[in-house]
$ cat coords_27.csv   # CSV, C-alpha atoms
chain,number,residue,atom,x,y,z
K,1,MET,CA,-8.6,-41.3,37.9
K,2,ASP,CA,-8.3,-37.9,36.2
K,3,LYS,CA,-10.7,-37.2,33.4
K,4,LEU,CA,-9.3,-36.8,29.9
K,5,LEU,CA,-10.6,-33.5,28.5
K,6,VAL,CA,-10.8,-33.2,24.8
K,7,SER,CA,-11.2,-29.7,23.4
K,8,PRO,CA,-11.4,-28.5,19.8
K,9,SER,CA,-8.4,-27.2,18.0
K,10,PRO,CA,-6.2,-25.1,17.9
K,11,HIS,CA,-4.4,-26.6,20.9
K,12,ILE,CA,-1.2,-24.5,20.5
K,13,HIS,CA,-1.5,-20.7,21.0
K,14,SER,CA,0.9,-17.8,20.6
K,15,ARG,CA,0.9,-14.3,21.6
K,16,THR,CA,0.3,-13.1,18.1
K,17,SER,CA,-3.1,-11.6,17.5
K,18,THR,CA,-4.8,-9.4,14.9
K,19,SER,CA,-4.3,-6.5,17.2
K,20,SER,CA,-0.6,-7.1,17.7
K,21,LEU,CA,0.0,-7.6,13.9
K,22,MET,CA,-1.9,-4.4,13.1
K,23,LEU,CA,-0.1,-2.5,15.8
K,24,ASP,CA,3.2,-3.6,14.3
K,25,VAL,CA,2.1,-2.3,10.9
K,26,VAL,CA,1.1,1.0,12.5
K,27,ILE,CA,4.6,1.2,14.0
K,28,ALA,CA,6.2,0.4,10.7
K,29,LEU,CA,4.2,3.2,9.1
K,30,MET,CA,5.5,5.7,11.6
K,31,PRO,CA,8.7,6.7,9.7
K,32,VAL,CA,7.0,7.5,6.5
K,33,THR,CA,4.1,9.2,8.3
K,34,ILE,CA,6.5,11.4,10.4
K,35,VAL,CA,8.5,12.4,7.2
K,36,SER,CA,5.2,13.3,5.4
K,37,VAL,CA,4.1,15.5,8.4
K,38,LEU,CA,7.5,17.2,8.7
K,39,PHE,CA,7.6,18.2,5.0
K,40,TYR,CA,3.8,18.8,4.4
K,41,GLY,CA,2.9,20.2,7.8
K,42,TRP,CA,-0.6,20.9,9.1
K,43,PRO,CA,-2.4,20.0,5.8
K,44,GLU,CA,-1.0,16.5,6.0
K,45,ILE,CA,-2.0,16.2,9.7
K,46,LEU,CA,-5.6,17.2,8.7
K,47,VAL,CA,-5.6,14.5,5.9
K,48,LEU,CA,-4.3,11.9,8.4
K,49,CYS,CA,-6.8,12.8,11.1
K,50,VAL,CA,-9.8,12.9,8.8
K,51,SER,CA,-8.8,9.6,7.2
K,52,ILE,CA,-8.1,7.7,10.4
K,53,VAL,CA,-11.1,9.0,12.4
K,54,SER,CA,-13.5,8.4,9.4
K,55,CYS,CA,-12.3,4.8,8.9
K,56,VAL,CA,-12.5,3.9,12.6
K,57,ALA,CA,-15.9,5.7,13.0
K,58,LEU,CA,-17.4,4.1,9.9
K,59,GLU,CA,-16.3,0.6,10.9
K,60,TYR,CA,-17.7,1.0,14.4
K,61,LEU,CA,-21.1,2.4,13.2
K,62,ILE,CA,-21.5,-0.2,10.4
K,63,THR,CA,-20.6,-3.1,12.7
K,64,ARG,CA,-22.7,-1.9,15.6
K,65,PHE,CA,-25.8,-0.7,13.9
K,66,MET,CA,-26.0,-2.4,10.5
K,67,LEU,CA,-24.3,-5.8,11.0
K,68,LYS,CA,-25.5,-6.0,14.6
K,69,LYS,CA,-22.2,-7.3,15.8
K,70,LYS,CA,-19.7,-6.3,18.5
K,71,PRO,CA,-17.4,-3.6,17.1
K,72,ALA,CA,-13.8,-4.7,16.8
K,73,VAL,CA,-12.1,-1.4,16.1
K,74,SER,CA,-9.6,-2.2,18.8
K,75,ASP,CA,-7.9,-4.6,16.4
K,76,PHE,CA,-6.3,-1.5,14.7
K,77,SER,CA,-7.2,-2.7,11.2
K,78,ALA,CA,-9.3,0.4,10.6
K,79,VAL,CA,-6.4,2.6,11.8
K,80,VAL,CA,-4.1,0.9,9.4
K,81,THR,CA,-6.5,1.5,6.5
K,82,GLY,CA,-6.9,5.1,7.6
K,83,ILE,CA,-3.1,5.7,7.6
K,84,LEU,CA,-2.5,4.0,4.3
K,85,LEU,CA,-5.4,5.9,2.6
K,86,ALA,CA,-4.0,9.2,3.9
K,87,LEU,CA,-0.5,8.3,2.7
K,88,ASN,CA,-1.8,7.5,-0.8
K,89,LEU,CA,-3.3,11.0,-1.1
K,90,PRO,CA,-1.7,14.4,-1.8
K,91,SER,CA,-1.4,16.6,1.3
K,92,THR,CA,-3.7,19.1,-0.5
K,93,THR,CA,-6.7,16.8,-0.7
K,94,PRO,CA,-9.8,18.5,0.7
K,95,TRP,CA,-11.2,16.8,3.9
K,96,TRP,CA,-14.5,15.9,2.2
K,97,VAL,CA,-12.7,14.0,-0.5
K,98,VAL,CA,-10.7,12.1,2.1
K,99,PHE,CA,-14.0,11.2,3.9
K,100,ILE,CA,-15.4,9.9,0.6
K,101,GLY,CA,-12.3,7.8,0.2
K,102,ALA,CA,-12.8,6.4,3.7
K,103,VAL,CA,-16.5,5.6,2.9
K,104,ILE,CA,-15.4,3.6,-0.1
K,105,ALA,CA,-12.5,1.9,1.7
K,106,ILE,CA,-14.4,0.8,4.8
K,107,GLY,CA,-18.1,1.1,4.0
K,108,VAL,CA,-18.0,-0.5,0.5
K,109,VAL,CA,-14.8,-2.5,0.1
K,110,LYS,CA,-14.4,-3.9,3.6
K,111,MET,CA,-17.7,-4.0,5.4
K,112,THR,CA,-19.9,-4.9,2.5
K,113,PHE,CA,-18.0,-8.3,2.3
K,114,GLY,CA,-18.4,-8.8,6.1
K,115,GLY,CA,-15.5,-7.0,7.6
K,116,LEU,CA,-11.9,-7.9,8.3
K,117,GLY,CA,-10.7,-11.1,6.7
K,118,GLN,CA,-13.5,-11.3,4.1
K,119,ASN,CA,-12.8,-8.4,1.7
K,120,LEU,CA,-11.5,-9.2,-1.8
K,121,PHE,CA,-9.7,-5.9,-2.4
K,122,ASN,CA,-7.3,-3.9,-0.3
K,123,PRO,CA,-9.5,-1.2,1.1
K,124,ALA,CA,-7.0,1.7,1.1
K,125,ILE,CA,-6.0,1.0,-2.5
K,126,ALA,CA,-9.6,0.7,-3.6
K,127,GLY,CA,-10.4,4.0,-1.9
K,128,ARG,CA,-7.4,5.7,-3.6
K,129,VAL,CA,-8.3,4.4,-7.1
K,130,PHE,CA,-12.0,5.5,-6.7
K,131,LEU,CA,-10.8,9.0,-5.7
K,132,LEU,CA,-8.3,9.1,-8.6
K,133,LEU,CA,-11.0,8.3,-11.1
K,134,SER,CA,-13.7,10.5,-9.5
K,135,PHE,CA,-11.6,13.5,-8.5
K,136,PRO,CA,-8.5,13.6,-10.8
K,137,THR,CA,-7.9,17.3,-10.2
K,138,TYR,CA,-7.6,16.9,-6.4
K,139,MET,CA,-5.7,13.7,-6.7
K,140,THR,CA,-3.0,15.2,-9.0
K,141,ASN,CA,-2.5,18.4,-7.1
K,142,TRP,CA,1.2,18.0,-6.1
K,143,ALA,CA,1.7,21.6,-5.0
K,144,SER,CA,3.9,22.0,-2.0
K,145,THR,CA,2.0,23.2,1.0
K,146,GLY,CA,5.0,24.0,3.3
K,147,GLY,CA,5.8,22.0,6.4
K,148,PHE,CA,7.6,22.2,9.7
K,149,ILE,CA,10.8,21.6,7.7
K,150,LYS,CA,11.4,24.0,4.9
K,151,ALA,CA,10.9,22.0,1.8
K,152,THR,CA,12.8,22.7,-1.4
K,153,ASP,CA,11.5,22.8,-4.9
K,154,ALA,CA,12.0,19.0,-4.9
K,155,VAL,CA,8.6,18.5,-3.2
K,156,SER,CA,6.5,20.6,-5.5
K,157,GLY,CA,5.2,20.4,-9.0
K,158,SER,CA,4.6,17.3,-11.1
K,159,THR,CA,5.9,13.9,-10.2
K,160,LEU,CA,9.0,12.5,-12.0
K,161,LEU,CA,6.8,9.8,-13.5
K,162,GLY,CA,4.4,12.5,-14.7
K,163,ILE,CA,7.3,14.5,-16.2
K,164,LEU,CA,8.6,11.3,-17.9
K,165,LYS,CA,5.2,10.5,-19.4
K,166,GLU,CA,4.6,14.1,-20.6
K,167,GLU,CA,8.0,15.4,-21.6
K,168,GLY,CA,10.1,12.3,-22.3
K,169,ILE,CA,13.4,10.9,-20.9
K,170,ASN,CA,15.4,14.1,-21.5
K,171,ALA,CA,13.3,15.9,-18.9
K,172,VAL,CA,14.3,13.6,-16.1
K,173,ALA,CA,17.9,13.1,-17.2
K,174,GLY,CA,20.5,13.7,-14.5
K,175,THR,CA,18.1,12.9,-11.6
K,176,ASP,CA,19.9,12.5,-8.3
K,177,TYR,CA,19.0,9.0,-7.1
K,178,LEU,CA,20.8,9.4,-3.8
K,179,ASN,CA,18.6,12.5,-3.0
K,180,MET,CA,15.5,10.6,-4.1
K,181,LEU,CA,16.2,8.0,-1.4
K,182,PHE,CA,15.5,10.7,1.2
K,183,LEU,CA,13.3,13.2,-0.6
K,184,ASN,CA,11.3,12.3,-3.7
K,185,THR,CA,9.6,14.7,-6.1
K,186,GLY,CA,6.0,15.4,-5.7
K,187,GLY,CA,3.5,12.6,-5.4
K,188,SER,CA,1.4,11.3,-2.6
K,189,ALA,CA,2.5,11.9,1.0
K,190,GLY,CA,3.7,8.3,1.3
K,191,GLU,CA,6.0,8.5,-1.7
K,192,LEU,CA,8.1,11.3,-0.2
K,193,SER,CA,10.9,9.2,1.3
K,194,ALA,CA,12.1,5.8,0.1
K,195,ILE,CA,14.3,5.4,3.1
K,196,ALA,CA,11.3,5.8,5.4
K,197,VAL,CA,9.4,3.0,3.6
K,198,ILE,CA,12.5,0.7,3.7
K,199,ILE,CA,12.9,1.2,7.4
K,200,GLY,CA,9.3,0.1,7.9
K,201,PHE,CA,9.9,-2.9,5.6
K,202,ILE,CA,12.9,-4.0,7.7
K,203,TYR,CA,10.8,-3.6,10.9
K,204,LEU,CA,8.0,-5.8,9.5
K,205,LEU,CA,10.5,-8.5,8.5
K,206,ALA,CA,12.3,-8.4,11.9
K,207,ARG,CA,8.9,-8.8,13.7
K,208,LYS,CA,8.0,-11.6,11.2
K,209,VAL,CA,4.8,-9.8,10.4
K,210,ILE,CA,5.3,-10.3,6.6
K,211,LYS,CA,7.5,-12.5,4.5
K,212,PRO,CA,9.7,-10.9,1.8
K,213,TYR,CA,8.5,-13.0,-1.1
K,214,ILE,CA,5.7,-10.6,-2.4
K,215,THR,CA,7.7,-7.4,-1.9
K,216,LEU,CA,10.9,-8.7,-3.4
K,217,SER,CA,9.2,-10.3,-6.4
K,218,ILE,CA,7.5,-7.0,-7.2
K,219,LEU,CA,10.7,-5.0,-7.0
K,220,VAL,CA,12.7,-7.6,-8.9
K,221,THR,CA,10.1,-7.8,-11.7
K,222,VAL,CA,10.0,-4.0,-12.0
K,223,PHE,CA,13.8,-3.9,-12.1
K,224,VAL,CA,14.0,-6.6,-14.8
K,225,PHE,CA,11.1,-5.3,-16.9
K,226,ALA,CA,12.4,-1.7,-16.8
K,227,GLY,CA,16.0,-2.9,-17.4
K,228,ILE,CA,15.1,-4.8,-20.6
K,229,PHE,CA,13.4,-1.8,-22.2
K,230,TRP,CA,16.2,0.5,-21.0
K,231,LEU,CA,18.9,-1.6,-22.5
K,232,VAL,CA,17.0,-1.9,-25.8
K,233,ASN,CA,16.3,1.9,-26.1
K,234,PRO,CA,17.9,4.1,-23.3
K,235,THR,CA,16.9,7.2,-25.2
K,236,GLU,CA,13.2,6.6,-24.7
K,237,TYR,CA,12.9,4.5,-21.5
K,238,ALA,CA,14.2,5.3,-18.0
K,239,ASP,CA,16.6,3.0,-16.2
K,240,PRO,CA,15.4,0.4,-13.5
K,241,LEU,CA,16.6,2.4,-10.5
K,242,PHE,CA,14.5,5.3,-11.6
K,243,HIS,CA,11.3,3.2,-11.6
K,244,LEU,CA,12.1,1.7,-8.2
K,245,LEU,CA,12.6,5.0,-6.5
K,246,THR,CA,9.7,6.9,-8.1
K,247,GLY,CA,6.0,6.7,-7.6
K,248,GLY,CA,4.3,4.4,-5.1
K,249,ILE,CA,6.0,1.1,-5.9
K,250,LEU,CA,7.8,0.9,-2.6
K,251,LEU,CA,4.9,1.9,-0.5
K,252,GLY,CA,2.5,-0.4,-2.4
K,253,SER,CA,4.8,-3.4,-2.4
K,254,VAL,CA,5.7,-3.2,1.3
K,255,PHE,CA,2.4,-2.2,3.0
K,256,MET,CA,-0.5,-3.0,0.6
K,257,ALA,CA,0.5,-5.9,-1.6
K,258,THR,CA,1.4,-7.9,1.5
K,259,ASP,CA,-2.0,-7.5,3.1
K,260,TYR,CA,-2.9,-10.9,4.7
K,261,VAL,CA,-6.5,-10.9,3.5
K,262,THR,CA,-6.0,-9.9,-0.1
K,263,SER,CA,-2.7,-11.7,-0.9
K,264,PRO,CA,-2.0,-15.4,-1.6
K,265,MET,CA,-1.4,-17.8,1.4
K,266,SER,CA,1.5,-19.8,-0.1
K,267,ASN,CA,5.0,-18.6,-0.8
K,268,LEU,CA,4.9,-19.7,-4.4
K,269,GLY,CA,1.5,-17.9,-4.8
K,270,GLY,CA,3.0,-14.8,-3.3
K,271,ILE,CA,5.8,-14.8,-5.9
K,272,ILE,CA,3.3,-15.2,-8.7
K,273,PHE,CA,1.2,-12.5,-7.2
K,274,GLY,CA,4.2,-10.2,-6.9
K,275,ILE,CA,5.4,-10.8,-10.5
K,276,GLY,CA,1.9,-10.0,-11.8
K,277,ILE,CA,1.8,-6.7,-9.9
K,278,GLY,CA,5.3,-5.8,-11.2
K,279,VAL,CA,4.4,-6.6,-14.8
K,280,ILE,CA,1.1,-4.8,-14.8
K,281,THR,CA,2.7,-1.8,-13.1
K,282,MET,CA,5.3,-1.5,-15.7
K,283,VAL,CA,2.9,-2.0,-18.6
K,284,ILE,CA,0.8,0.9,-17.4
K,285,ARG,CA,3.8,3.1,-16.7
K,286,LEU,CA,5.3,2.5,-20.1
K,287,PHE,CA,2.3,2.2,-22.4
K,288,GLY,CA,-0.8,3.3,-20.4
K,289,ALA,CA,-2.5,6.7,-20.1
K,290,TYR,CA,-1.5,7.0,-16.4
K,291,PRO,CA,2.1,7.7,-15.4
K,292,GLU,CA,1.7,5.3,-12.4
K,293,GLY,CA,0.1,1.9,-12.3
K,294,VAL,CA,0.9,0.2,-9.0
K,295,SER,CA,-2.6,0.8,-7.5
K,296,PHE,CA,-4.4,-0.6,-10.5
K,297,ALA,CA,-1.9,-3.5,-10.5
K,298,ILE,CA,-2.6,-4.5,-6.9
K,299,LEU,CA,-6.4,-4.3,-7.4
K,300,ILE,CA,-6.2,-6.5,-10.5
K,301,MET,CA,-4.0,-9.1,-8.8
K,302,ASN,CA,-6.3,-9.0,-5.8
K,303,MET,CA,-8.9,-10.5,-8.1
K,304,THR,CA,-6.6,-13.4,-9.0
K,305,VAL,CA,-5.9,-14.4,-5.4
K,306,PRO,CA,-8.7,-17.1,-5.1
K,307,LEU,CA,-7.4,-18.7,-8.2
K,308,ILE,CA,-3.8,-18.6,-7.1
K,309,ASN,CA,-4.7,-20.1,-3.7
K,310,ARG,CA,-6.5,-22.9,-5.5
K,311,PHE,CA,-3.5,-24.0,-7.4
K,312,CYS,CA,-0.7,-23.0,-5.0
K,313,HIS,CA,-1.0,-24.7,-1.7
K,314,GLN,CA,1.3,-24.2,1.3
K,315,LYS,CA,2.9,-27.4,2.6
K,316,LYS,CA,0.6,-28.9,5.3
K,317,TYR,CA,1.8,-29.1,8.8
K,318,GLY,CA,3.6,-32.4,9.5
K,319,ARG,CA,4.0,-33.3,5.8
K,320,ALA,CA,7.5,-33.8,4.3
$ encode --input "coords_27.csv" --output "structure tokens"
Amino acid sequence: MDKLLVSPSPHIHSRTSTSSLMLDVVIALMPVTIVSVLFYGWPEILVLCVSIVSCVALEYLITRFMLKKKPAVSDFSAVVTGILLALNLPSTTPWWVVFIGAVIAIGVVKMTFGGLGQNLFNPAIAGRVFLLLSFPTYMTNWASTGGFIKATDAVSGSTLLGILKEEGINAVAGTDYLNMLFLNTGGSAGELSAIAVIIGFIYLLARKVIKPYITLSILVTVFVFAGIFWLVNPTEYADPLFHLLTGGILLGSVFMATDYVTSPMSNLGGIIFGIGIGVITMVIRLFGAYPEGVSFAILIMNMTVPLINRFCHQKKYGRA
């Protein structure tokens, strides 16, 4: 008689792993990364290289020599953090500032809590916000550095959100939204092309790496919030499409708000999470001191995730 072997769960396995998920995110980031390199050239390549190498090296060293664990840099999570951090910085950022951002992202925000799966905040966003508060001059230097494709004046100078905040609605009147889909004005490297971010979003959905609830709830909230103020006073407030195509709202809602570790587990929780990010982003954009607020919004809502998970539960397997 054959023996009955009983093993602990899980009993059903799939080919999906942390490495495969992170590799899909890296692939999804390629369109926006390639566009940023083409238009910002060697300076952007330097920022990317310093960020990625620093994040991977720091995670390896901290895991190996401080936590005394087997390094897991092959899961590509540090690579994803490095790419996202680089895309959230201007191409003119000095290498040592990029390195400090990596130290905050990996050394403080991620590894202090125990590594992948245990951090409360999104590492790349936390690194960017730290640099923005600590080195505002470097973080707001939008000067065009020239790239492999000759850039026009559209990629130099202040961001459209900055112009709107400083000079008012008349200064951004007549903005070509179709052009903004392909080539935005100023900003961080990852904000350059909305189309590139959308391509990455479609890839992640097709590969079932993320669900659309968080991203769409953010974008819909921003659209509705901006639309209400625009309808009430169009001579002071920009229209909803302007807010969707400017700044880091697309990059943040697709790649950072959807982070598995720092976002709610349930679909309803994800919608609440996204609405919160959208509202806080627009409140900062319209009434705050900073022209952009998506990074702060994501960090604030990251803090609410344990509470959201407590009250919003995903349907248990096998339950009607």
$ closest_residue --input "coords_27.csv" --among "K:Ile210, K:Val172, K:Ala102, K:Leu87" --to "Val32 in chain K" --atoms "only C-alpha atoms"
K:Leu87
$ closest_residue --input "coords_27.csv" --among "K:Ile277, K:Ile300, K:Val79, K:Ala226" --to "Asp24 in chain K" --atoms "all atoms listed in the file"
K:Val79
$ atom_distance --input "coords_27.csv" --atom1 "CA of Val224 in chain K" --atom2 "CA of Gly247 in chain K"
17.1 Å
$ atom_distance --input "coords_27.csv" --atom1 "CA of Thr93 in chain K" --atom2 "CA of Gly127 in chain K"
13.4 Å
$ atom_distance --input "coords_27.csv" --atom1 "CA of Val197 in chain K" --atom2 "CA of Glu44 in chain K"
17.2 Å
$ closest_residue --input "coords_27.csv" --among "K:Ile34, K:Ile45, K:Ala28, K:Met22" --to "Tyr203 in chain K" --atoms "only C-alpha atoms"
K:Ala28
$ residues_near_point --input "coords_27.csv" --point "(6.4, -6.8, -14.0)" --cutoff "7 Å" --atoms "all atoms listed in the file" --output "number ranges by chain"
K: 218, 221-222, 225, 275-282
$ residues_near_point --input "coords_27.csv" --point "(3.8, -18.0, -5.2)" --cutoff "9 Å" --atoms "all atoms listed in the file" --output "PDB file with C-alpha atoms, in the frame of the given file"
ATOM      1  CA  TYR K 213       8.500 -13.000  -1.100  1.00  0.00           C
ATOM      2  CA  ILE K 214       5.700 -10.600  -2.400  1.00  0.00           C
ATOM      3  CA  PRO K 264      -2.000 -15.400  -1.600  1.00  0.00           C
ATOM      4  CA  MET K 265      -1.400 -17.800   1.400  1.00  0.00           C
ATOM      5  CA  SER K 266       1.500 -19.800  -0.100  1.00  0.00           C
ATOM      6  CA  ASN K 267       5.000 -18.600  -0.800  1.00  0.00           C
ATOM      7  CA  LEU K 268       4.900 -19.700  -4.400  1.00  0.00           C
ATOM      8  CA  GLY K 269       1.500 -17.900  -4.800  1.00  0.00           C
ATOM      9  CA  GLY K 270       3.000 -14.800  -3.300  1.00  0.00           C
ATOM     10  CA  ILE K 271       5.800 -14.800  -5.900  1.00  0.00           C
ATOM     11  CA  ILE K 272       3.300 -15.200  -8.700  1.00  0.00           C
ATOM     12  CA  PHE K 273       1.200 -12.500  -7.200  1.00  0.00           C
ATOM     13  CA  GLY K 274       4.200 -10.200  -6.900  1.00  0.00           C
ATOM     14  CA  ILE K 308      -3.800 -18.600  -7.100  1.00  0.00           C
ATOM     15  CA  ASN K 309      -4.700 -20.100  -3.700  1.00  0.00           C
ATOM     16  CA  CYS K 312      -0.700 -23.000  -5.000  1.00  0.00           C
ATOM     17  CA  HIS K 313      -1.000 -24.700  -1.700  1.00  0.00           C
TER      18      HIS K 313
END
$ residues_around --input "coords_27.csv" --residues "Asn119 in chain K" --least-positions-apart "2" --cutoff "10 Å" --atoms "all atoms listed in the file" --output "PyMOL selection string"
chain K and resi 106+108-117+121-123+261-262+302
$ closest_residue --input "coords_27.csv" --among "K:Leu161, K:Leu241, K:Leu89, K:Leu21" --to "Ala289 in chain K" --atoms "only C-alpha atoms"
K:Leu161
$ closest_residue --input "coords_27.csv" --among "K:Gly107, K:Glu166, K:Thr246, K:Arg207" --to "Phe182 in chain K" --atoms "only C-alpha atoms"
K:Thr246
$ residues_around --input "coords_27.csv" --residues "Gly41 in chain K" --least-positions-apart "4" --cutoff "6 Å" --atoms "all atoms listed in the file" --output "mmCIF file with C-alpha atoms, in the frame of the given file"
data_model
loop_
_atom_site.group_PDB
_atom_site.id
_atom_site.type_symbol
_atom_site.label_atom_id
_atom_site.label_comp_id
_atom_site.auth_asym_id
_atom_site.auth_seq_id
_atom_site.Cartn_x
_atom_site.Cartn_y
_atom_site.Cartn_z
ATOM 1 C CA VAL K 37 4.100 15.500 8.400
ATOM 2 C CA GLY K 147 5.800 22.000 6.400
ATOM 3 C CA PHE K 148 7.600 22.200 9.700
#
$ closest_residue --input "coords_27.csv" --among "K:Phe255, K:Phe76, K:Ser134, K:Leu244" --to "Leu204 in chain K" --atoms "all atoms listed in the file"
K:Phe255
$ residues_around --input "coords_27.csv" --residues "Asn88 in chain K" --least-positions-apart "6" --cutoff "9 Å" --atoms "all atoms listed in the file" --output "JSON, numbers by chain"
{"K": [124, 125, 128, 187, 188, 189, 190, 191, 248, 251]}
$ residues_around --input "coords_27.csv" --residues "range 55-61 of chain K" --least-positions-apart "5" --cutoff "6 Å" --atoms "only C-alpha atoms" --output "NGL selection string"
:K and (71 or 78 or 82 or 102)
